[in-house]
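What follows is the content of data_0.pdb, which has PDB, N, CA and C atoms, pLDDT in the B column:
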ATOM      1  N   MET A   1     -63.194 -39.545   3.085  1.00 52.00           N
ATOM      2  CA  MET A   1     -63.875 -39.460   4.357  1.00 52.00           C
ATOM      3  C   MET A   1     -63.222 -38.358   5.171  1.00 52.00           C
ATOM      4  N   HIS A   2     -63.999 -37.376   5.572  1.00 53.00           N
ATOM      5  CA  HIS A   2     -63.483 -36.262   6.352  1.00 53.00           C
ATOM      6  C   HIS A   2     -64.041 -36.305   7.760  1.00 53.00           C
ATOM      7  N   PHE A   3     -63.182 -36.028   8.696  1.00 52.00           N
ATOM      8  CA  PHE A   3     -63.546 -36.028  10.107  1.00 52.00           C
ATOM      9  C   PHE A   3     -64.239 -34.722  10.455  1.00 52.00           C
ATOM     10  N   THR A   4     -65.449 -34.805  11.009  1.00 58.00           N
ATOM     11  CA  THR A   4     -66.167 -33.590  11.385  1.00 58.00           C
ATOM     12  C   THR A   4     -66.668 -33.622  12.821  1.00 58.00           C
ATOM     13  N   ASN A   5     -66.723 -34.788  13.432  1.00 62.00           N
ATOM     14  CA  ASN A   5     -67.267 -34.891  14.772  1.00 62.00           C
ATOM     15  C   ASN A   5     -66.526 -35.977  15.542  1.00 62.00           C
ATOM     16  N   ASN A   6     -66.522 -35.892  16.848  1.00 71.00           N
ATOM     17  CA  ASN A   6     -65.734 -36.793  17.662  1.00 71.00           C
ATOM     18  C   ASN A   6     -66.576 -37.849  18.361  1.00 71.00           C
ATOM     19  N   THR A   7     -67.476 -38.503  17.648  1.00 82.00           N
ATOM     20  CA  THR A   7     -68.244 -39.589  18.251  1.00 82.00           C
ATOM     21  C   THR A   7     -67.461 -40.888  18.092  1.00 82.00           C
ATOM     22  N   ALA A   8     -67.748 -41.857  18.939  1.00 84.00           N
ATOM     23  CA  ALA A   8     -67.025 -43.127  18.901  1.00 84.00           C
ATOM     24  C   ALA A   8     -67.190 -43.828  17.558  1.00 84.00           C
ATOM     25  N   THR A   9     -68.368 -43.759  16.976  1.00 86.00           N
ATOM     26  CA  THR A   9     -68.624 -44.406  15.683  1.00 86.00           C
ATOM     27  C   THR A   9     -67.787 -43.769  14.583  1.00 86.00           C
ATOM     28  N   ILE A  10     -67.758 -42.457  14.553  1.00 85.00           N
ATOM     29  CA  ILE A  10     -66.993 -41.747  13.523  1.00 85.00           C
ATOM     30  C   ILE A  10     -65.508 -42.021  13.684  1.00 85.00           C
ATOM     31  N   VAL A  11     -65.014 -41.970  14.905  1.00 88.00           N
ATOM     32  CA  VAL A  11     -63.593 -42.233  15.160  1.00 88.00           C
ATOM     33  C   VAL A  11     -63.241 -43.638  14.703  1.00 88.00           C
ATOM     34  N   SER A  12     -64.095 -44.604  14.984  1.00 89.00           N
ATOM     35  CA  SER A  12     -63.864 -45.984  14.564  1.00 89.00           C
ATOM     36  C   SER A  12     -63.823 -46.098  13.041  1.00 89.00           C
ATOM     37  N   GLU A  13     -64.737 -45.430  12.352  1.00 90.00           N
ATOM     38  CA  GLU A  13     -64.767 -45.459  10.890  1.00 90.00           C
ATOM     39  C   GLU A  13     -63.531 -44.791  10.293  1.00 90.00           C
ATOM     40  N   VAL A  14     -63.116 -43.693  10.877  1.00 90.00           N
ATOM     41  CA  VAL A  14     -61.918 -42.997  10.385  1.00 90.00           C
ATOM     42  C   VAL A  14     -60.687 -43.869  10.593  1.00 90.00           C
ATOM     43  N   ARG A  15     -60.564 -44.482  11.768  1.00 92.00           N
ATOM     44  CA  ARG A  15     -59.419 -45.367  12.046  1.00 92.00           C
ATOM     45  C   ARG A  15     -59.399 -46.538  11.073  1.00 92.00           C
ATOM     46  N   THR A  16     -60.559 -47.132  10.807  1.00 93.00           N
ATOM     47  CA  THR A  16     -60.641 -48.242   9.859  1.00 93.00           C
ATOM     48  C   THR A  16     -60.221 -47.794   8.465  1.00 93.00           C
ATOM     49  N   PHE A  17     -60.707 -46.631   8.034  1.00 94.00           N
ATOM     50  CA  PHE A  17     -60.337 -46.082   6.732  1.00 94.00           C
ATOM     51  C   PHE A  17     -58.824 -45.880   6.622  1.00 94.00           C
ATOM     52  N   VAL A  18     -58.246 -45.285   7.654  1.00 95.00           N
ATOM     53  CA  VAL A  18     -56.809 -44.987   7.651  1.00 95.00           C
ATOM     54  C   VAL A  18     -55.983 -46.274   7.617  1.00 95.00           C
ATOM     55  N   MET A  19     -56.376 -47.272   8.389  1.00 93.00           N
ATOM     56  CA  MET A  19     -55.620 -48.523   8.419  1.00 93.00           C
ATOM     57  C   MET A  19     -55.818 -49.320   7.122  1.00 93.00           C
ATOM     58  N   ASP A  20     -56.982 -49.217   6.500  1.00 95.00           N
ATOM     59  CA  ASP A  20     -57.185 -49.851   5.191  1.00 95.00           C
ATOM     60  C   ASP A  20     -56.301 -49.192   4.134  1.00 95.00           C
ATOM     61  N   GLU A  21     -56.160 -47.880   4.206  1.00 95.00           N
ATOM     62  CA  GLU A  21     -55.256 -47.174   3.297  1.00 95.00           C
ATOM     63  C   GLU A  21     -53.824 -47.659   3.491  1.00 95.00           C
ATOM     64  N   ARG A  22     -53.443 -47.923   4.750  1.00 94.00           N
ATOM     65  CA  ARG A  22     -52.080 -48.394   5.034  1.00 94.00           C
ATOM     66  C   ARG A  22     -51.828 -49.735   4.361  1.00 94.00           C
ATOM     67  N   LYS A  23     -52.823 -50.591   4.347  1.00 95.00           N
ATOM     68  CA  LYS A  23     -52.669 -51.912   3.740  1.00 95.00           C
ATOM     69  C   LYS A  23     -52.428 -51.827   2.235  1.00 95.00           C
ATOM     70  N   SER A  24     -52.910 -50.769   1.594  1.00 95.00           N
ATOM     71  CA  SER A  24     -52.757 -50.651   0.147  1.00 95.00           C
ATOM     72  C   SER A  24     -51.503 -49.871  -0.262  1.00 95.00           C
ATOM     73  N   CYS A  25     -50.701 -49.465   0.708  1.00 95.00           N
ATOM     74  CA  CYS A  25     -49.475 -48.709   0.415  1.00 95.00           C
ATOM     75  C   CYS A  25     -48.250 -49.588   0.646  1.00 95.00           C
ATOM     76  N   VAL A  26     -47.191 -49.299  -0.089  1.00 96.00           N
ATOM     77  CA  VAL A  26     -45.972 -50.094   0.044  1.00 96.00           C
ATOM     78  C   VAL A  26     -45.015 -49.526   1.085  1.00 96.00           C
ATOM     79  N   SER A  27     -45.248 -48.296   1.553  1.00 96.00           N
ATOM     80  CA  SER A  27     -44.350 -47.707   2.555  1.00 96.00           C
ATOM     81  C   SER A  27     -45.113 -46.718   3.436  1.00 96.00           C
ATOM     82  N   ASP A  28     -44.539 -46.418   4.589  1.00 93.00           N
ATOM     83  CA  ASP A  28     -45.131 -45.414   5.470  1.00 93.00           C
ATOM     84  C   ASP A  28     -45.148 -44.053   4.797  1.00 93.00           C
ATOM     85  N   ARG A  29     -44.125 -43.771   4.026  1.00 95.00           N
ATOM     86  CA  ARG A  29     -44.052 -42.488   3.332  1.00 95.00           C
ATOM     87  C   ARG A  29     -45.235 -42.311   2.364  1.00 95.00           C
ATOM     88  N   GLU A  30     -45.522 -43.347   1.577  1.00 97.00           N
ATOM     89  CA  GLU A  30     -46.646 -43.287   0.644  1.00 97.00           C
ATOM     90  C   GLU A  30     -47.965 -43.140   1.396  1.00 97.00           C
ATOM     91  N   TRP A  31     -48.104 -43.887   2.490  1.00 96.00           N
ATOM     92  CA  TRP A  31     -49.314 -43.850   3.300  1.00 96.00           C
ATOM     93  C   TRP A  31     -49.560 -42.447   3.850  1.00 96.00           C
ATOM     94  N   LYS A  32     -48.547 -41.838   4.409  1.00 96.00           N
ATOM     95  CA  LYS A  32     -48.682 -40.493   4.969  1.00 96.00           C
ATOM     96  C   LYS A  32     -48.999 -39.477   3.875  1.00 96.00           C
ATOM     97  N   PHE A  33     -48.399 -39.656   2.708  1.00 96.00           N
ATOM     98  CA  PHE A  33     -48.661 -38.759   1.581  1.00 96.00           C
ATOM     99  C   PHE A  33     -50.123 -38.860   1.145  1.00 96.00           C
ATOM    100  N   ARG A  34     -50.613 -40.095   1.033  1.00 96.00           N
ATOM    101  CA  ARG A  34     -52.005 -40.301   0.631  1.00 96.00           C
ATOM    102  C   ARG A  34     -52.972 -39.727   1.659  1.00 96.00           C
ATOM    103  N   LEU A  35     -52.664 -39.907   2.945  1.00 96.00           N
ATOM    104  CA  LEU A  35     -53.543 -39.372   3.989  1.00 96.00           C
ATOM    105  C   LEU A  35     -53.586 -37.853   3.965  1.00 96.00           C
ATOM    106  N   ARG A  36     -52.470 -37.227   3.625  1.00 96.00           N
ATOM    107  CA  ARG A  36     -52.454 -35.762   3.515  1.00 96.00           C
ATOM    108  C   ARG A  36     -53.440 -35.306   2.437  1.00 96.00           C
ATOM    109  N   GLY A  37     -53.567 -36.086   1.380  1.00 95.00           N
ATOM    110  CA  GLY A  37     -54.523 -35.769   0.330  1.00 95.00           C
ATOM    111  C   GLY A  37     -55.966 -35.812   0.814  1.00 95.00           C
ATOM    112  N   TYR A  38     -56.219 -36.610   1.855  1.00 94.00           N
ATOM    113  CA  TYR A  38     -57.556 -36.686   2.446  1.00 94.00           C
ATOM    114  C   TYR A  38     -57.738 -35.697   3.602  1.00 94.00           C
ATOM    115  N   GLY A  39     -56.684 -34.950   3.942  1.00 94.00           N
ATOM    116  CA  GLY A  39     -56.781 -33.971   5.015  1.00 94.00           C
ATOM    117  C   GLY A  39     -56.384 -34.490   6.384  1.00 94.00           C
ATOM    118  N   TYR A  40     -55.599 -35.571   6.415  1.00 95.00           N
ATOM    119  CA  TYR A  40     -55.151 -36.156   7.677  1.00 95.00           C
ATOM    120  C   TYR A  40     -53.629 -36.115   7.765  1.00 95.00           C
ATOM    121  N   ASP A  41     -53.134 -36.154   9.000  1.00 95.00           N
ATOM    122  CA  ASP A  41     -51.692 -36.171   9.256  1.00 95.00           C
ATOM    123  C   ASP A  41     -51.414 -37.235  10.308  1.00 95.00           C
ATOM    124  N   VAL A  42     -50.314 -37.965  10.143  1.00 95.00           N
ATOM    125  CA  VAL A  42     -49.896 -38.960  11.126  1.00 95.00           C
ATOM    126  C   VAL A  42     -48.693 -38.380  11.854  1.00 95.00           C
ATOM    127  N   ARG A  43     -48.812 -38.302  13.181  1.00 93.00           N
ATOM    128  CA  ARG A  43     -47.756 -37.705  13.992  1.00 93.00           C
ATOM    129  C   ARG A  43     -47.311 -38.674  15.075  1.00 93.00           C
ATOM    130  N   THR A  44     -46.037 -38.621  15.397  1.00 91.00           N
ATOM    131  CA  THR A  44     -45.515 -39.402  16.505  1.00 91.00           C
ATOM    132  C   THR A  44     -45.410 -38.470  17.706  1.00 91.00           C
ATOM    133  N   THR A  45     -46.090 -38.824  18.782  1.00 90.00           N
ATOM    134  CA  THR A  45     -46.101 -38.002  19.987  1.00 90.00           C
ATOM    135  C   THR A  45     -45.635 -38.838  21.176  1.00 90.00           C
ATOM    136  N   ASP A  46     -45.622 -38.227  22.353  1.00 90.00           N
ATOM    137  CA  ASP A  46     -45.243 -38.936  23.579  1.00 90.00           C
ATOM    138  C   ASP A  46     -46.222 -40.055  23.916  1.00 90.00           C
ATOM    139  N   HIS A  47     -47.477 -39.921  23.491  1.00 85.00           N
ATOM    140  CA  HIS A  47     -48.473 -40.949  23.789  1.00 85.00           C
ATOM    141  C   HIS A  47     -48.776 -41.847  22.587  1.00 85.00           C
ATOM    142  N   GLY A  48     -47.847 -41.929  21.636  1.00 91.00           N
ATOM    143  CA  GLY A  48     -47.971 -42.860  20.520  1.00 91.00           C
ATOM    144  C   GLY A  48     -48.175 -42.174  19.186  1.00 91.00           C
ATOM    145  N   THR A  49     -48.509 -42.968  18.179  1.00 92.00           N
ATOM    146  CA  THR A  49     -48.779 -42.453  16.849  1.00 92.00           C
ATOM    147  C   THR A  49     -50.217 -41.944  16.820  1.00 92.00           C
ATOM    148  N   VAL A  50     -50.377 -40.695  16.387  1.00 94.00           N
ATOM    149  CA  VAL A  50     -51.671 -40.032  16.456  1.00 94.00           C
ATOM    150  C   VAL A  50     -52.104 -39.586  15.069  1.00 94.00           C
ATOM    151  N   LEU A  51     -53.382 -39.750  14.778  1.00 94.00           N
ATOM    152  CA  LEU A  51     -53.981 -39.236  13.558  1.00 94.00           C
ATOM    153  C   LEU A  51     -54.575 -37.876  13.880  1.00 94.00           C
ATOM    154  N   ALA A  52     -54.248 -36.870  13.059  1.00 94.00           N
ATOM    155  CA  ALA A  52     -54.735 -35.511  13.284  1.00 94.00           C
ATOM    156  C   ALA A  52     -55.278 -34.948  11.978  1.00 94.00           C
ATOM    157  N   THR A  53     -56.062 -33.884  12.103  1.00 92.00           N
ATOM    158  CA  THR A  53     -56.598 -33.214  10.922  1.00 92.00           C
ATOM    159  C   THR A  53     -55.606 -32.176  10.410  1.00 92.00           C
ATOM    160  N   LEU A  54     -55.714 -31.903   9.124  1.00 92.00           N
ATOM    161  CA  LEU A  54     -54.926 -30.833   8.518  1.00 92.00           C
ATOM    162  C   LEU A  54     -55.883 -29.740   8.091  1.00 92.00           C
ATOM    163  N   PRO A  55     -55.589 -28.498   8.166  1.00 87.00           N
ATOM    164  CA  PRO A  55     -54.395 -27.885   8.749  1.00 87.00           C
ATOM    165  C   PRO A  55     -54.553 -27.572  10.230  1.00 87.00           C
ATOM    166  N   GLN A  56     -55.722 -27.879  10.826  1.00 90.00           N
ATOM    167  CA  GLN A  56     -55.980 -27.504  12.208  1.00 90.00           C
ATOM    168  C   GLN A  56     -55.117 -28.234  13.228  1.00 90.00           C
ATOM    169  N   GLY A  57     -54.747 -29.476  12.925  1.00 89.00           N
ATOM    170  CA  GLY A  57     -53.928 -30.257  13.849  1.00 89.00           C
ATOM    171  C   GLY A  57     -54.715 -30.841  15.012  1.00 89.00           C
ATOM    172  N   ILE A  58     -56.021 -30.999  14.838  1.00 89.00           N
ATOM    173  CA  ILE A  58     -56.864 -31.568  15.894  1.00 89.00           C
ATOM    174  C   ILE A  58     -56.635 -33.082  15.933  1.00 89.00           C
ATOM    175  N   GLU A  59     -56.246 -33.600  17.107  1.00 90.00           N
ATOM    176  CA  GLU A  59     -56.003 -35.028  17.237  1.00 90.00           C
ATOM    177  C   GLU A  59     -57.320 -35.782  17.227  1.00 90.00           C
ATOM    178  N   ILE A  60     -57.377 -36.849  16.419  1.00 90.00           N
ATOM    179  CA  ILE A  60     -58.589 -37.643  16.279  1.00 90.00           C
ATOM    180  C   ILE A  60     -58.508 -38.903  17.140  1.00 90.00           C
ATOM    181  N   CYS A  61     -57.414 -39.667  16.956  1.00 91.00           N
ATOM    182  CA  CYS A  61     -57.263 -40.908  17.689  1.00 91.00           C
ATOM    183  C   CYS A  61     -55.818 -41.377  17.607  1.00 91.00           C
ATOM    184  N   THR A  62     -55.474 -42.352  18.442  1.00 91.00           N
ATOM    185  CA  THR A  62     -54.162 -42.979  18.335  1.00 91.00           C
ATOM    186  C   THR A  62     -54.276 -44.142  17.368  1.00 91.00           C
ATOM    187  N   LEU A  63     -53.157 -44.479  16.741  1.00 91.00           N
ATOM    188  CA  LEU A  63     -53.145 -45.562  15.765  1.00 91.00           C
ATOM    189  C   LEU A  63     -52.370 -46.774  16.260  1.00 91.00           C
ATOM    190  N   ASP A  64     -51.800 -46.692  17.437  1.00 77.00           N
ATOM    191  CA  ASP A  64     -51.060 -47.821  17.988  1.00 77.00           C
ATOM    192  C   ASP A  64     -52.030 -48.900  18.441  1.00 77.00           C
ATOM    193  N   ALA A  65     -51.562 -50.134  18.347  1.00 53.00           N
ATOM    194  CA  ALA A  65     -52.428 -51.261  18.746  1.00 53.00           C
ATOM    195  C   ALA A  65     -52.589 -51.337  20.237  1.00 53.00           C
TER     196      ALA A  65
END
Go through the file and emit its structure as structure tokens.
Amino acid sequence: MHFTNNTATIVSEVRTFVMDERKSCVSDREWKFRLRGYGYDVRTTDHGTVLATLPQGIEICTLDA
């Protein structure tokens, strides 16, 4: 699943996909590695953990609860 637009529905689907991937990984390192394969990056910023696109670095959403 690749992020192409910033609508609420798409952001929700991307967040669900990313969190489902986290459930199938045994560590944060594996999860981040797998997401890179899909073109996503997980970053820690001042406003929380953020999902961004690679290589552009466009922030999609926060992943904190």
For this session: Could you jot down the CA of Leu54 (chain A) to CA of Tyr38 (chain A) separation for me, Å, one decimal place?
Result: 8.8 Å
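Coordinates place atom N of Asp41 (chain A) at a distance of 12.5 Å from CA of Phe17 (chain A).
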Exercise. Which value, in Å to one decimal, gives the distance between atom N of Leu63 (chain A) and atom C of Val50 (chain A)?
Worked result: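 Calculated distance between atom N of Leu63 (chain A) and atom C of Val50 (chain A) is 5.3 Å.
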Problem set entry | DSSP strand (DSSP E or B) residues within chain A, listed as a ChimeraX atom specification | /A:40-45,48-53,59-62
For this session: Please run DSSP on the backbone and report, as a VMD selection string, all residues within chain A that come out as alpha helix (DSSP H).
Result: chain A and resid 8 to 23 28 to 37
Problem set entry | Which of A:Gly39, A:Thr9, A:Arg15, A:Asp28 sits closest to Asp64 (chain A) [using only C-alpha atoms] |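 Of A:Gly39, A:Thr9, A:Arg15, A:Asp28, the one nearest Asp64 (chain A) is A:Arg15, counting only C-alpha atoms.
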Problem set entry | Residue members of the PyMOL selection byres (((chain A and resi 62 and name CA) around 10) and name CA) in the file shown, as a list in words |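 Listing what the PyMOL selection byres (((chain A and resi 62 and name CA) around 10) and name CA) selects in the shown file: Val11, Arg15, Val42, Arg43, Thr44, Thr45, His47, Gly48, Thr49, Val50, Leu51, Ala52, Glu59, Ile60, Cys61, Leu63, Asp64 and Ala65 of chain A.
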Axis-aligned box over every listed atom of region 41-45 of chain A, padded by 6 Å per side: centre and edges in Å to one decimal, as lines of an AutoDock Vina configuration file?
center_x = -49.3
center_y = -37.8
center_z = 15.1
size_x = 19.7
size_y = 15.2
size_z = 24.2
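The residue that comes closest to Val18 (chain A), out of A:Asp46, A:Gln56, A:Leu35, A:Asn6 and on the basis of all atoms listed in the file, is A:Leu35.
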Problem set entry | Residue list as a VMD selection string for point (-54.7, -47.8, 4.3), cut-off 12 Å, only C-alpha atoms | chain A and resid 14 to 35 38 63
